[in-house]
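Listing of target_6.pdb, PDB, C-alpha atoms
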ATOM      1  CA  VAL A   1      -3.172 -35.978  -0.210
ATOM      2  CA  THR A   2      -1.066 -35.659  -3.370
ATOM      3  CA  VAL A   3      -3.398 -32.921  -4.602
ATOM      4  CA  LEU A   4      -2.937 -31.066  -1.310
ATOM      5  CA  ALA A   5       0.848 -31.438  -1.486
ATOM      6  CA  GLY A   6       0.805 -29.500  -4.762
ATOM      7  CA  ASN A   7      -1.309 -26.778  -3.159
ATOM      8  CA  LEU A   8       0.509 -26.461   0.151
ATOM      9  CA  ASP A   9       0.285 -22.663   0.113
ATOM     10  CA  TYR A  10      -3.518 -22.923  -0.002
ATOM     11  CA  VAL A  11      -3.459 -25.171   3.064
ATOM     12  CA  ALA A  12      -1.220 -22.618   4.800
ATOM     13  CA  THR A  13      -3.681 -19.793   4.099
ATOM     14  CA  VAL A  14      -6.560 -21.913   5.438
ATOM     15  CA  LEU A  15      -4.526 -22.608   8.565
ATOM     16  CA  LEU A  16      -3.831 -18.883   9.012
ATOM     17  CA  PHE A  17      -7.535 -18.091   8.482
ATOM     18  CA  VAL A  18      -8.591 -20.676  11.076
ATOM     19  CA  ILE A  19      -6.058 -19.305  13.590
ATOM     20  CA  GLY A  20      -7.691 -15.909  13.061
ATOM     21  CA  VAL A  21     -11.194 -17.338  13.531
ATOM     22  CA  TRP A  22     -10.084 -19.127  16.696
ATOM     23  CA  THR A  23      -8.578 -15.906  18.124
ATOM     24  CA  LEU A  24     -11.709 -13.983  17.200
ATOM     25  CA  ILE A  25     -14.024 -16.456  18.973
ATOM     26  CA  ALA A  26     -12.058 -17.900  21.873
ATOM     27  CA  ASP A  27      -9.947 -15.029  23.183
ATOM     28  CA  PRO A  28     -11.700 -12.904  25.818
ATOM     29  CA  ASN A  29      -9.509  -9.830  25.168
ATOM     30  CA  LEU A  30     -11.136  -7.434  22.706
ATOM     31  CA  ILE A  31      -7.791  -6.152  21.359
ATOM     32  CA  LYS A  32      -6.816  -9.746  20.561
ATOM     33  CA  LYS A  33     -10.166 -10.226  18.812
ATOM     34  CA  VAL A  34      -9.244  -7.309  16.529
ATOM     35  CA  MET A  35      -5.862  -8.962  15.963
ATOM     36  CA  GLY A  36      -7.676 -12.191  15.072
ATOM     37  CA  LEU A  37      -9.740 -10.292  12.529
ATOM     38  CA  ASN A  38      -6.505  -8.901  11.063
ATOM     39  CA  ILE A  39      -5.022 -12.418  10.863
ATOM     40  CA  MET A  40      -8.127 -13.554   8.939
ATOM     41  CA  GLU A  41      -7.738 -10.609   6.552
ATOM     42  CA  THR A  42      -4.046 -11.396   6.067
ATOM     43  CA  ALA A  43      -4.947 -15.010   5.257
ATOM     44  CA  VAL A  44      -7.344 -13.844   2.544
ATOM     45  CA  PHE A  45      -4.702 -11.498   1.085
ATOM     46  CA  ALA A  46      -2.125 -14.283   1.156
ATOM     47  CA  PHE A  47      -4.546 -16.561  -0.692
ATOM     48  CA  ILE A  48      -5.200 -13.951  -3.391
ATOM     49  CA  VAL A  49      -1.459 -13.311  -3.708
ATOM     50  CA  THR A  50      -0.712 -17.031  -4.178
ATOM     51  CA  THR A  51      -3.292 -17.221  -6.967
ATOM     52  CA  GLY A  52      -1.561 -14.238  -8.615
ATOM     53  CA  VAL A  53       1.670 -16.135  -9.306
ATOM     54  CA  LEU A  54       1.568 -16.080 -13.089
ATOM     55  CA  ASP A  55       3.693 -15.012 -16.035
ATOM     56  CA  PRO A  56       2.729 -12.501 -17.454
ATOM     57  CA  PRO A  57       1.264 -11.192 -14.183
ATOM     58  CA  SER A  58      -2.462 -10.564 -13.936
ATOM     59  CA  PRO A  59      -3.556  -7.179 -12.544
ATOM     60  CA  ILE A  60      -6.628  -8.531 -10.728
ATOM     61  CA  PRO A  61      -4.908  -9.921  -7.595
ATOM     62  CA  HIS A  62      -2.915  -6.673  -7.244
ATOM     63  CA  ALA A  63      -5.979  -4.468  -7.470
ATOM     64  CA  LEU A  64      -8.038  -6.737  -5.176
ATOM     65  CA  VAL A  65      -5.395  -6.954  -2.453
ATOM     66  CA  LEU A  66      -4.768  -3.197  -2.592
ATOM     67  CA  THR A  67      -8.460  -2.479  -2.067
ATOM     68  CA  GLY A  68      -8.671  -5.121   0.650
ATOM     69  CA  ILE A  69      -5.723  -3.715   2.601
ATOM     70  CA  VAL A  70      -7.252  -0.237   2.626
ATOM     71  CA  VAL A  71     -10.551  -1.584   3.949
ATOM     72  CA  ALA A  72      -8.667  -3.658   6.563
ATOM     73  CA  VAL A  73      -6.777  -0.573   7.761
ATOM     74  CA  SER A  74     -10.018   1.401   7.981
ATOM     75  CA  THR A  75     -11.916  -1.252   9.950
ATOM     76  CA  THR A  76      -8.946  -1.736  12.307
ATOM     77  CA  ALA A  77      -8.708   2.012  12.951
ATOM     78  CA  VAL A  78     -12.428   2.300  13.738
ATOM     79  CA  ALA A  79     -12.356  -0.833  15.924
ATOM     80  CA  LEU A  80      -9.375   0.458  17.930
ATOM     81  CA  ALA A  81     -11.015   3.866  18.399
ATOM     82  CA  LEU A  82     -14.157   2.127  19.718
ATOM     83  CA  LEU A  83     -12.062  -0.066  22.036
ATOM     84  CA  LEU A  84     -10.294   3.000  23.461
ATOM     85  CA  ARG A  85     -13.748   4.375  24.266
ATOM     86  CA  VAL A  86     -14.825   1.088  25.884
ATOM     87  CA  HIS A  87     -11.648   1.018  27.970
ATOM     88  CA  ARG A  88     -12.195   4.590  29.158
ATOM     89  CA  GLU A  89     -15.830   3.922  30.105
ATOM     90  CA  PHE A  90     -15.374   0.543  31.822
ATOM     91  CA  GLY A  91     -11.659   0.277  32.589
ATOM     92  CA  THR A  92     -11.368  -3.191  31.040
ATOM     93  CA  LEU A  93     -11.264  -4.886  27.646
ATOM     94  CA  ASP A  94     -12.052  -8.411  28.858
ATOM     95  CA  VAL A  95     -15.457  -9.580  27.566
ATOM     96  CA  ASN A  96     -16.156 -11.640  30.707
ATOM     97  CA  GLU A  97     -15.567  -8.638  32.990
ATOM     98  CA  LEU A  98     -17.566  -6.428  30.636
ATOM     99  CA  ARG A  99     -20.493  -8.865  30.814
ATOM    100  CA  ASP A 100     -20.444  -8.697  34.614
ATOM    101  CA  LEU A 101     -20.419  -4.877  34.471
ATOM    102  CA  TRP A 102     -23.422  -4.939  32.161
TER     103      TRP A 102
ATOM    104  CA  MET B   1     -15.495 -18.719  26.412
ATOM    105  CA  ASN B   2     -16.278 -22.247  25.370
ATOM    106  CA  ARG B   3     -12.910 -23.297  23.975
ATOM    107  CA  PRO B   4     -13.780 -26.846  22.798
ATOM    108  CA  LEU B   5     -16.794 -25.464  20.924
ATOM    109  CA  ALA B   6     -14.625 -22.766  19.304
ATOM    110  CA  ALA B   7     -12.024 -25.361  18.315
ATOM    111  CA  ALA B   8     -14.753 -27.582  16.821
ATOM    112  CA  PHE B   9     -16.142 -24.615  14.876
ATOM    113  CA  ALA B  10     -12.716 -23.643  13.538
ATOM    114  CA  THR B  11     -11.996 -27.234  12.480
ATOM    115  CA  GLY B  12     -15.416 -27.535  10.890
ATOM    116  CA  LEU B  13     -14.677 -24.359   8.949
ATOM    117  CA  ALA B  14     -11.251 -25.564   7.824
ATOM    118  CA  ILE B  15     -12.352 -28.918   6.380
ATOM    119  CA  PRO B  16     -14.664 -27.633   3.607
ATOM    120  CA  MET B  17     -12.188 -24.844   2.789
ATOM    121  CA  VAL B  18      -9.288 -27.278   2.366
ATOM    122  CA  ALA B  19     -11.548 -29.594   0.355
ATOM    123  CA  ALA B  20     -12.592 -26.742  -1.947
ATOM    124  CA  MET B  21      -9.005 -25.571  -2.388
ATOM    125  CA  ALA B  22      -7.828 -29.087  -3.242
ATOM    126  CA  ALA B  23     -10.134 -28.867  -6.256
ATOM    127  CA  LEU B  24      -8.567 -25.581  -7.427
ATOM    128  CA  PRO B  25      -6.008 -25.582 -10.249
ATOM    129  CA  ARG B  26      -2.404 -25.890  -9.154
ATOM    130  CA  HIS B  27      -0.286 -23.038  -7.861
ATOM    131  CA  GLY B  28       0.888 -20.798 -10.703
ATOM    132  CA  SER B  29      -1.565 -22.212 -13.218
ATOM    133  CA  PRO B  30      -3.232 -19.779 -15.653
ATOM    134  CA  ASP B  31      -6.511 -21.731 -15.208
ATOM    135  CA  GLN B  32      -7.148 -20.160 -11.795
ATOM    136  CA  PRO B  33     -10.690 -18.748 -11.651
ATOM    137  CA  ILE B  34      -9.221 -15.317 -10.912
ATOM    138  CA  HIS B  35      -7.500 -15.282 -14.335
ATOM    139  CA  THR B  36     -10.322 -16.642 -16.485
ATOM    140  CA  HIS B  37     -13.229 -14.191 -16.075
ATOM    141  CA  VAL B  38     -12.693 -10.427 -16.274
ATOM    142  CA  ALA B  39      -8.893 -10.609 -16.632
ATOM    143  CA  ALA B  40      -9.186 -10.748 -20.429
ATOM    144  CA  GLN B  41     -11.274  -7.555 -20.391
ATOM    145  CA  TYR B  42      -8.662  -5.851 -18.222
ATOM    146  CA  HIS B  43      -5.940  -6.764 -20.690
ATOM    147  CA  ALA B  44      -8.048  -5.627 -23.654
ATOM    148  CA  TRP B  45      -8.972  -2.299 -21.993
ATOM    149  CA  PRO B  46      -7.341   0.539 -23.971
ATOM    150  CA  HIS B  47      -5.035   2.600 -21.789
ATOM    151  CA  GLU B  48      -1.950   4.755 -22.185
ATOM    152  CA  LEU B  49      -0.372   3.846 -18.850
ATOM    153  CA  GLY B  50       2.715   1.684 -18.417
ATOM    154  CA  ASN B  51       1.314   0.114 -15.254
ATOM    155  CA  LEU B  52      -1.697  -2.113 -15.871
ATOM    156  CA  VAL B  53      -2.623  -2.174 -12.165
ATOM    157  CA  THR B  54      -2.929   1.616 -12.092
ATOM    158  CA  ALA B  55      -4.945   1.506 -15.319
ATOM    159  CA  VAL B  56      -7.364  -0.939 -13.689
ATOM    160  CA  LEU B  57      -7.582   1.036 -10.437
ATOM    161  CA  LEU B  58      -7.957   4.527 -11.874
ATOM    162  CA  ASP B  59      -9.684   3.868 -15.191
ATOM    163  CA  TYR B  60     -11.529   0.535 -15.440
ATOM    164  CA  ARG B  61     -12.521   0.594 -11.759
ATOM    165  CA  GLY B  62     -12.143   4.331 -11.158
ATOM    166  CA  MET B  63     -15.441   4.646  -9.280
ATOM    167  CA  ASP B  64     -14.476   1.723  -7.057
ATOM    168  CA  THR B  65     -11.204   3.422  -6.104
ATOM    169  CA  PHE B  66     -13.123   6.658  -5.468
ATOM    170  CA  GLY B  67     -15.296   4.749  -2.993
ATOM    171  CA  GLU B  68     -12.226   3.211  -1.389
ATOM    172  CA  VAL B  69     -10.666   6.645  -0.835
ATOM    173  CA  VAL B  70     -13.936   7.802   0.729
ATOM    174  CA  VAL B  71     -13.818   4.734   3.030
ATOM    175  CA  ILE B  72     -10.429   5.677   4.567
ATOM    176  CA  PHE B  73     -11.580   9.294   4.804
ATOM    177  CA  ALA B  74     -14.726   8.131   6.655
ATOM    178  CA  ALA B  75     -12.569   5.951   8.938
ATOM    179  CA  LEU B  76     -10.533   9.013   9.946
ATOM    180  CA  MET B  77     -13.746  10.966  10.572
ATOM    181  CA  VAL B  78     -15.081   8.186  12.849
ATOM    182  CA  VAL B  79     -11.776   8.053  14.764
ATOM    183  CA  LEU B  80     -11.870  11.840  15.214
ATOM    184  CA  VAL B  81     -15.492  11.744  16.395
ATOM    185  CA  LEU B  82     -14.724   9.001  18.936
ATOM    186  CA  ARG B  83     -11.576  10.648  20.303
ATOM    187  CA  HIS B  84     -11.313  11.985  23.775
ATOM    188  CA  ARG B  85      -8.351  14.042  24.897
ATOM    189  CA  GLY B  86      -6.543  12.053  27.534
ATOM    190  CA  GLU B  87      -3.488  13.194  29.419
ATOM    191  CA  PRO B  88      -0.661  14.135  27.017
ATOM    192  CA  VAL B  89       1.755  11.329  26.197
ATOM    193  CA  PRO B  90       5.224  12.116  27.580
ATOM    194  CA  ASN B  91       7.854  12.418  24.869
ATOM    195  CA  PRO B  92      10.292   9.494  25.055
ATOM    196  CA  GLU B  93      14.027  10.048  25.464
ATOM    197  CA  PRO B  94      15.376   8.197  22.387
ATOM    198  CA  SER B  95      18.839   6.674  22.411
ATOM    199  CA  PRO B  96      21.273   8.877  20.426
ATOM    200  CA  ILE B  97      21.965   6.089  17.917
ATOM    201  CA  VAL B  98      18.283   5.496  17.127
ATOM    202  CA  ALA B  99      17.626   9.248  16.970
ATOM    203  CA  PHE B 100      20.563   9.796  14.587
ATOM    204  CA  ILE B 101      19.558   6.920  12.271
ATOM    205  CA  VAL B 102      15.924   8.012  12.123
ATOM    206  CA  ARG B 103      16.928  11.623  11.397
ATOM    207  CA  LEU B 104      19.292  10.340   8.713
ATOM    208  CA  VAL B 105      16.772   8.131   6.881
ATOM    209  CA  THR B 106      13.725  10.420   7.203
ATOM    210  CA  PRO B 107      14.401  12.570   4.081
ATOM    211  CA  PHE B 108      15.258   9.479   2.015
ATOM    212  CA  ILE B 109      12.066   7.672   3.041
ATOM    213  CA  ALA B 110      10.064  10.812   2.220
ATOM    214  CA  LEU B 111      11.742  11.032  -1.189
ATOM    215  CA  PHE B 112      11.069   7.339  -1.842
ATOM    216  CA  GLY B 113       7.409   7.796  -0.840
ATOM    217  CA  PHE B 114       6.910  10.607  -3.346
ATOM    218  CA  HIS B 115       8.826   8.631  -5.972
ATOM    219  CA  VAL B 116       6.470   5.662  -5.505
ATOM    220  CA  ILE B 117       3.428   7.964  -5.760
ATOM    221  CA  LEU B 118       4.628   9.676  -8.950
ATOM    222  CA  ILE B 119       5.999   6.563 -10.709
ATOM    223  CA  GLY B 120       2.642   4.778 -10.259
ATOM    224  CA  HIS B 121       1.327   5.457 -13.760
ATOM    225  CA  ASP B 122       4.368   3.900 -15.407
ATOM    226  CA  ALA B 123       5.814   1.272 -13.069
ATOM    227  CA  PRO B 124       4.841  -0.621  -9.901
ATOM    228  CA  GLY B 125       3.773   1.966  -7.343
ATOM    229  CA  GLY B 126       0.904   4.362  -6.894
ATOM    230  CA  GLY B 127      -0.974   6.577  -4.505
ATOM    231  CA  LEU B 128      -1.894   4.140  -1.745
ATOM    232  CA  GLN B 129       1.505   2.440  -1.752
ATOM    233  CA  GLY B 130       3.228   5.812  -1.403
ATOM    234  CA  ALA B 131       0.712   6.846   1.252
ATOM    235  CA  ALA B 132       1.622   3.764   3.292
ATOM    236  CA  ILE B 133       5.344   4.676   3.062
ATOM    237  CA  LEU B 134       4.791   8.324   4.054
ATOM    238  CA  GLY B 135       2.345   7.353   6.807
ATOM    239  CA  GLY B 136       4.876   4.813   8.087
ATOM    240  CA  LEU B 137       7.503   7.570   8.146
ATOM    241  CA  VAL B 138       5.331   9.746  10.402
ATOM    242  CA  LEU B 139       4.626   6.691  12.584
ATOM    243  CA  LEU B 140       8.363   5.927  12.854
ATOM    244  CA  ASN B 141       9.051   9.492  13.979
ATOM    245  CA  GLY B 142       6.131   9.303  16.415
ATOM    246  CA  VAL B 143       7.440   6.097  17.995
ATOM    247  CA  VAL B 144      11.017   7.399  18.315
ATOM    248  CA  PHE B 145      10.556  11.108  19.141
ATOM    249  CA  GLY B 146       7.012  11.163  20.533
ATOM    250  CA  PRO B 147       3.693  12.235  18.993
ATOM    251  CA  ASP B 148       4.424  15.963  19.342
ATOM    252  CA  HIS B 149       7.376  15.734  16.981
ATOM    253  CA  ALA B 150       5.388  13.562  14.540
ATOM    254  CA  ARG B 151       2.560  16.112  14.592
ATOM    255  CA  SER B 152       5.034  18.866  13.718
ATOM    256  CA  LEU B 153       5.899  16.993  10.487
ATOM    257  CA  LEU B 154       2.353  17.544   9.173
ATOM    258  CA  PRO B 155       1.403  20.910   7.680
ATOM    259  CA  GLU B 156      -0.873  22.297  10.389
ATOM    260  CA  ARG B 157      -2.871  24.882   8.429
ATOM    261  CA  ALA B 158      -3.437  22.875   5.245
ATOM    262  CA  LEU B 159      -4.449  19.767   7.221
ATOM    263  CA  PRO B 160      -8.264  20.024   6.849
ATOM    264  CA  TRP B 161      -7.927  20.221   3.055
ATOM    265  CA  LEU B 162      -5.068  17.743   2.679
ATOM    266  CA  GLN B 163      -6.821  14.955   4.598
ATOM    267  CA  GLY B 164      -9.628  15.156   2.042
ATOM    268  CA  ALA B 165      -7.188  15.367  -0.881
ATOM    269  CA  GLY B 166      -8.058  11.890  -2.228
ATOM    270  CA  PRO B 167     -11.827  12.407  -2.640
ATOM    271  CA  LEU B 168     -11.253  16.012  -3.779
ATOM    272  CA  ALA B 169      -8.767  14.944  -6.481
ATOM    273  CA  PHE B 170     -11.272  12.340  -7.704
ATOM    274  CA  LEU B 171     -14.054  14.956  -7.798
ATOM    275  CA  VAL B 172     -11.930  17.384  -9.822
ATOM    276  CA  ALA B 173     -10.751  14.657 -12.227
ATOM    277  CA  GLY B 174     -14.325  13.381 -12.535
ATOM    278  CA  VAL B 175     -15.603  16.826 -13.497
ATOM    279  CA  ILE B 176     -12.755  17.326 -16.001
ATOM    280  CA  GLY B 177     -13.504  13.907 -17.474
ATOM    281  CA  ALA B 178     -17.216  14.687 -17.694
ATOM    282  CA  ALA B 179     -16.470  17.994 -19.447
ATOM    283  CA  THR B 180     -14.066  16.504 -22.007
ATOM    284  CA  THR B 181     -15.507  13.044 -22.690
ATOM    285  CA  GLY B 182     -19.094  13.126 -21.416
ATOM    286  CA  PHE B 183     -18.457  10.463 -18.774
ATOM    287  CA  ALA B 184     -17.595  11.129 -15.154
ATOM    288  CA  LEU B 185     -13.994   9.946 -14.613
ATOM    289  CA  GLY B 186     -13.550   9.457 -18.362
ATOM    290  CA  TYR B 187     -10.027  10.075 -19.619
ATOM    291  CA  PRO B 188      -9.770  12.158 -22.810
ATOM    292  CA  ALA B 189      -7.774  10.006 -25.236
ATOM    293  CA  HIS B 190      -7.402  12.936 -27.658
ATOM    294  CA  LEU B 191      -5.644  15.081 -25.003
ATOM    295  CA  PRO B 192      -2.725  12.942 -23.785
ATOM    296  CA  VAL B 193      -1.181  15.723 -21.679
ATOM    297  CA  LEU B 194      -4.437  16.378 -19.816
ATOM    298  CA  GLN B 195      -4.946  12.631 -19.389
ATOM    299  CA  GLU B 196      -1.516  12.240 -17.808
ATOM    300  CA  ALA B 197      -2.102  15.293 -15.610
ATOM    301  CA  MET B 198      -5.386  13.796 -14.371
ATOM    302  CA  VAL B 199      -3.744  10.478 -13.475
ATOM    303  CA  ILE B 200      -0.829  12.168 -11.675
ATOM    304  CA  GLY B 201      -3.250  14.528  -9.899
ATOM    305  CA  ILE B 202      -5.354  11.635  -8.610
ATOM    306  CA  GLU B 203      -2.246   9.699  -7.556
ATOM    307  CA  LEU B 204      -0.888  12.729  -5.679
ATOM    308  CA  GLY B 205      -4.280  13.321  -4.058
ATOM    309  CA  ILE B 206      -4.571   9.701  -2.917
ATOM    310  CA  GLY B 207      -0.922   9.592  -1.837
ATOM    311  CA  ILE B 208      -0.748  12.806   0.170
ATOM    312  CA  GLY B 209      -4.321  12.541   1.456
ATOM    313  CA  GLY B 210      -3.816   8.892   2.416
ATOM    314  CA  ALA B 211      -0.518   9.644   4.186
ATOM    315  CA  ILE B 212      -2.179  12.433   6.209
ATOM    316  CA  ILE B 213      -5.126  10.149   7.046
ATOM    317  CA  PHE B 214      -2.894   7.245   8.170
ATOM    318  CA  SER B 215      -0.752   9.598  10.307
ATOM    319  CA  ARG B 216      -3.744  11.331  11.872
ATOM    320  CA  ILE B 217      -5.426   8.010  12.731
ATOM    321  CA  TYR B 218      -2.235   6.970  14.540
ATOM    322  CA  LEU B 219      -1.758  10.339  16.267
ATOM    323  CA  THR B 220      -5.405  10.475  17.372
ATOM    324  CA  LEU B 221      -5.343   6.946  18.783
ATOM    325  CA  GLU B 222      -2.035   7.697  20.500
ATOM    326  CA  GLY B 223      -3.389  10.860  22.117
ATOM    327  CA  SER B 224      -6.689   9.534  23.497
TER     328      SER B 224
END
Since I need it in another form, could you write the structure as structure tokens?
Amino acid sequence: VTVLAGNLDYVATVLLFVIGVWTLIADPNLIKKVMGLNIMETAVFAFIVTTGVLDPPSPIPHALVLTGIVVAVSTTAVALALLLRVHREFGTLDVNELRDLW
Amino acid sequence: MNRPLAAAFATGLAIPMVAAMAALPRHGSPDQPIHTHVAAQYHAWPHELGNLVTAVLLDYRGMDTFGEVVVIFAALMVVLVLRHRGEPVPNPEPSPIVAFIVRLVTPFIALFGFHVILIGHDAPGGGLQGAAILGGLVLLNGVVFGPDHARSLLPERALPWLQGAGPLAFLVAGVIGAATTGFALGYPAHLPVLQEAMVIGIELGIGIGGAIIFSRIYLTLEGS
């Protein structure tokens, strides 16, 4: 427990990651699943940022997070474009209703 | 969905992660694994730039950044392929206060975006950071004045070339590097002016191209 108290920010990023996983799995709304994926990505960025606290600063966390954010934006854009298509075809974004339509 | 099962899975995922992180060095310690492997090579890498992050992104990992720029370009292409023209979005009637403030700050945000792009080789900043600021500016205008106004901020005729500006800038710089140093994306150390011009050219390409891509993704999603 004392070790964890010194690394509270790591515990916070794990918590954020798990919230994202939970949203991704348990929420039936596809838009919220994409949001869950984004929460997971944010947790990973937050973890890398906390490891980057150092004097003099190290360039690796900066470069990694920058690359990660760009990939996150790209995947989110493609996912939302696909969801717009799904909504136009079926009129719903709820996975349970979509399964019935299938 | 089976909520208890999902909760059990999430908890089962959290326990080993917390256990592994408890074994990591403390917050702020230079013994973090991220600082002990390639970081020394990054610091030892010879570069003329004031900003080590830009040196890593454009020089040490130049090919990686090239791929990253192609990824956002491909994302825009996928969004454009999947689009379907829906009914046009009605332009909102913004409150006069919001409209005045947004009109007031727009040129300053644009100036700041270009400043961040151009300062990137010397100080914190760079192409993608500036692209996010400029893209956010177009998004702000789109939310307040409607997508038609936001679309009018983008240069209509140069759009097909500008949205590919990032990959194109990398291609040009790669060819120049290959001609002067023998390596694709090599930076000629004996020609400092050309070297600086290549870095600024790539930053501008990523910045302007990225801003156009971010704005077009938003405008396409808004309009379909």
message = Could you list, as a PyMOL selection string, every residue within 12 Å of Tyr60 in chain B, counting all atoms listed in the file and ignoring same-chain residues fewer than 6 positions away?
response = (chain A and resi 59-60+63) or (chain B and resi 38-39+41-47+52-54+66+185-187)
Top pick for closest residue to Ala81 in chain A, considering B:Val79, B:Ile34, B:Pro192, B:Val102 and counting only C-alpha atoms =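 Between B:Val79, B:Ile34, B:Pro192, B:Val102, the residue approaching Ala81 in chain A most closely is B:Val79.
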Could you list the residues chosen by the PyMOL selection byres ((chain A and resi 68) around 12) in this structure as a compact mmCIF listing (two decimals) with C-alpha atoms, in the coordinates of the input?
# COMPACT_ATOMS: atom_id res chain seq x y z
CA ASN A 38 -6.50 -8.90 11.06
CA MET A 40 -8.13 -13.55 8.94
CA GLU A 41 -7.74 -10.61 6.55
CA THR A 42 -4.05 -11.40 6.07
CA ALA A 43 -4.95 -15.01 5.26
CA VAL A 44 -7.34 -13.84 2.54
CA PHE A 45 -4.70 -11.50 1.08
CA ALA A 46 -2.12 -14.28 1.16
CA ILE A 48 -5.20 -13.95 -3.39
CA VAL A 49 -1.46 -13.31 -3.71
CA PRO A 61 -4.91 -9.92 -7.60
CA HIS A 62 -2.92 -6.67 -7.24
CA ALA A 63 -5.98 -4.47 -7.47
CA LEU A 64 -8.04 -6.74 -5.18
CA VAL A 65 -5.40 -6.95 -2.45
CA LEU A 66 -4.77 -3.20 -2.59
CA THR A 67 -8.46 -2.48 -2.07
CA ILE A 69 -5.72 -3.72 2.60
CA VAL A 70 -7.25 -0.24 2.63
CA VAL A 71 -10.55 -1.58 3.95
CA ALA A 72 -8.67 -3.66 6.56
CA VAL A 73 -6.78 -0.57 7.76
CA SER A 74 -10.02 1.40 7.98
CA THR A 75 -11.92 -1.25 9.95
CA ASP B 64 -14.48 1.72 -7.06
CA THR B 65 -11.20 3.42 -6.10
CA GLU B 68 -12.23 3.21 -1.39
CA VAL B 71 -13.82 4.73 3.03
CA ILE B 72 -10.43 5.68 4.57
CA LEU B 128 -1.89 4.14 -1.74
request  = Give me, please, the distance in Å between CA of Phe145 in chain B and CA of Ala79 in chain A, quoted to one decimal.
outcome  = 26.0 Å
inquiry  = Within 9 Å of (-11.7, -17.2, 12.6) in the file's own coordinates, which protein, DNA or RNA residues have an atom, counting all atoms listed in the file? List them as a list in words.
reply    =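 The residues near that point, listed by chain and number, are Leu16, Phe17, Val18, Ile19, Gly20, Val21, Trp22, Thr23, Leu24, Ile25, Gly36, Leu37, Ile39 and Met40 of chain A; Phe9, Ala10 and Leu13 of chain B.
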ask   = Which residues, protein or nucleic acid, reach to within 7 Å of (4.7, 0.2, -16.2) in the file's coordinates when using all atoms listed in the file, and can you give that as an MDAnalysis selection string?
value = chainID B and resid 49:52 121:124
Name the residues captured by the PyMOL selection byres ((chain A and resi 93) around 12) when it is applied to the shown file; answer as a PDB file with C-alpha atoms, in the frame of the given file.
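The resulting file, selection36.pdb, is shown below:
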ATOM      1  CA  ASP A  27      -9.947 -15.029  23.183  1.00  0.00           C
ATOM      2  CA  PRO A  28     -11.700 -12.904  25.818  1.00  0.00           C
ATOM      3  CA  ASN A  29      -9.509  -9.830  25.168  1.00  0.00           C
ATOM      4  CA  LEU A  30     -11.136  -7.434  22.706  1.00  0.00           C
ATOM      5  CA  ILE A  31      -7.791  -6.152  21.359  1.00  0.00           C
ATOM      6  CA  LYS A  32      -6.816  -9.746  20.561  1.00  0.00           C
ATOM      7  CA  LYS A  33     -10.166 -10.226  18.812  1.00  0.00           C
ATOM      8  CA  VAL A  34      -9.244  -7.309  16.529  1.00  0.00           C
ATOM      9  CA  LEU A  80      -9.375   0.458  17.930  1.00  0.00           C
ATOM     10  CA  LEU A  82     -14.157   2.127  19.718  1.00  0.00           C
ATOM     11  CA  LEU A  83     -12.062  -0.066  22.036  1.00  0.00           C
ATOM     12  CA  LEU A  84     -10.294   3.000  23.461  1.00  0.00           C
ATOM     13  CA  ARG A  85     -13.748   4.375  24.266  1.00  0.00           C
ATOM     14  CA  VAL A  86     -14.825   1.088  25.884  1.00  0.00           C
ATOM     15  CA  HIS A  87     -11.648   1.018  27.970  1.00  0.00           C
ATOM     16  CA  ARG A  88     -12.195   4.590  29.158  1.00  0.00           C
ATOM     17  CA  GLU A  89     -15.830   3.922  30.105  1.00  0.00           C
ATOM     18  CA  PHE A  90     -15.374   0.543  31.822  1.00  0.00           C
ATOM     19  CA  GLY A  91     -11.659   0.277  32.589  1.00  0.00           C
ATOM     20  CA  THR A  92     -11.368  -3.191  31.040  1.00  0.00           C
ATOM     21  CA  ASP A  94     -12.052  -8.411  28.858  1.00  0.00           C
ATOM     22  CA  VAL A  95     -15.457  -9.580  27.566  1.00  0.00           C
ATOM     23  CA  ASN A  96     -16.156 -11.640  30.707  1.00  0.00           C
ATOM     24  CA  GLU A  97     -15.567  -8.638  32.990  1.00  0.00           C
ATOM     25  CA  LEU A  98     -17.566  -6.428  30.636  1.00  0.00           C
ATOM     26  CA  ARG A  99     -20.493  -8.865  30.814  1.00  0.00           C
ATOM     27  CA  LEU A 101     -20.419  -4.877  34.471  1.00  0.00           C
TER      28      LEU A 101
END
Within 12 Å of range 160-165 of chain B: each range 30-146 of chain B residue with its shortest pair, all atoms listed in the file, as a Markdown table:
| residue | atom | partner | partner_atom | distance |
| --- | --- | --- | --- | --- |
| B:Phe66 | CA | B:Ala165 | CA | 11.5 |
| B:Val69 | CA | B:Gly164 | CA | 9.0 |
| B:Val70 | CA | B:Gly164 | CA | 8.6 |
| B:Val71 | CA | B:Gly164 | CA | 11.3 |
| B:Ile72 | CA | B:Gly164 | CA | 9.8 |
| B:Phe73 | CA | B:Gly164 | CA | 6.8 |
| B:Ala74 | CA | B:Gly164 | CA | 9.8 |
| B:Ala75 | CA | B:Gln163 | CA | 11.5 |
| B:Leu76 | CA | B:Gln163 | CA | 8.8 |
| B:Met77 | CA | B:Gln163 | CA | 10.0 |
| B:Gly127 | CA | B:Ala165 | CA | 11.4 |
| B:Ala131 | CA | B:Gln163 | CA | 11.6 |
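Evaluated against the shown file, the PyMOL selection byres ((chain B and resi 197) around 12) gives Leu118, His121, Ala169, Val172, Ala173, Ile176, Gly177, Tyr187, Pro188, Leu191, Pro192, Val193, Leu194, Gln195, Glu196, Met198, Val199, Ile200, Gly201, Ile202, Glu203, Leu204 and Gly205 of chain B.
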Please report, as JSON, the centre and edge lengths in Å to one decimal of an axis-aligned box covering all listed atoms of range 204-213 of chain B with 6 Å per side.
{"center_x": -2.8, "center_y": 11.1, "center_z": 0.7, "size_x": 16.6, "size_y": 16.4, "size_z": 24.7}
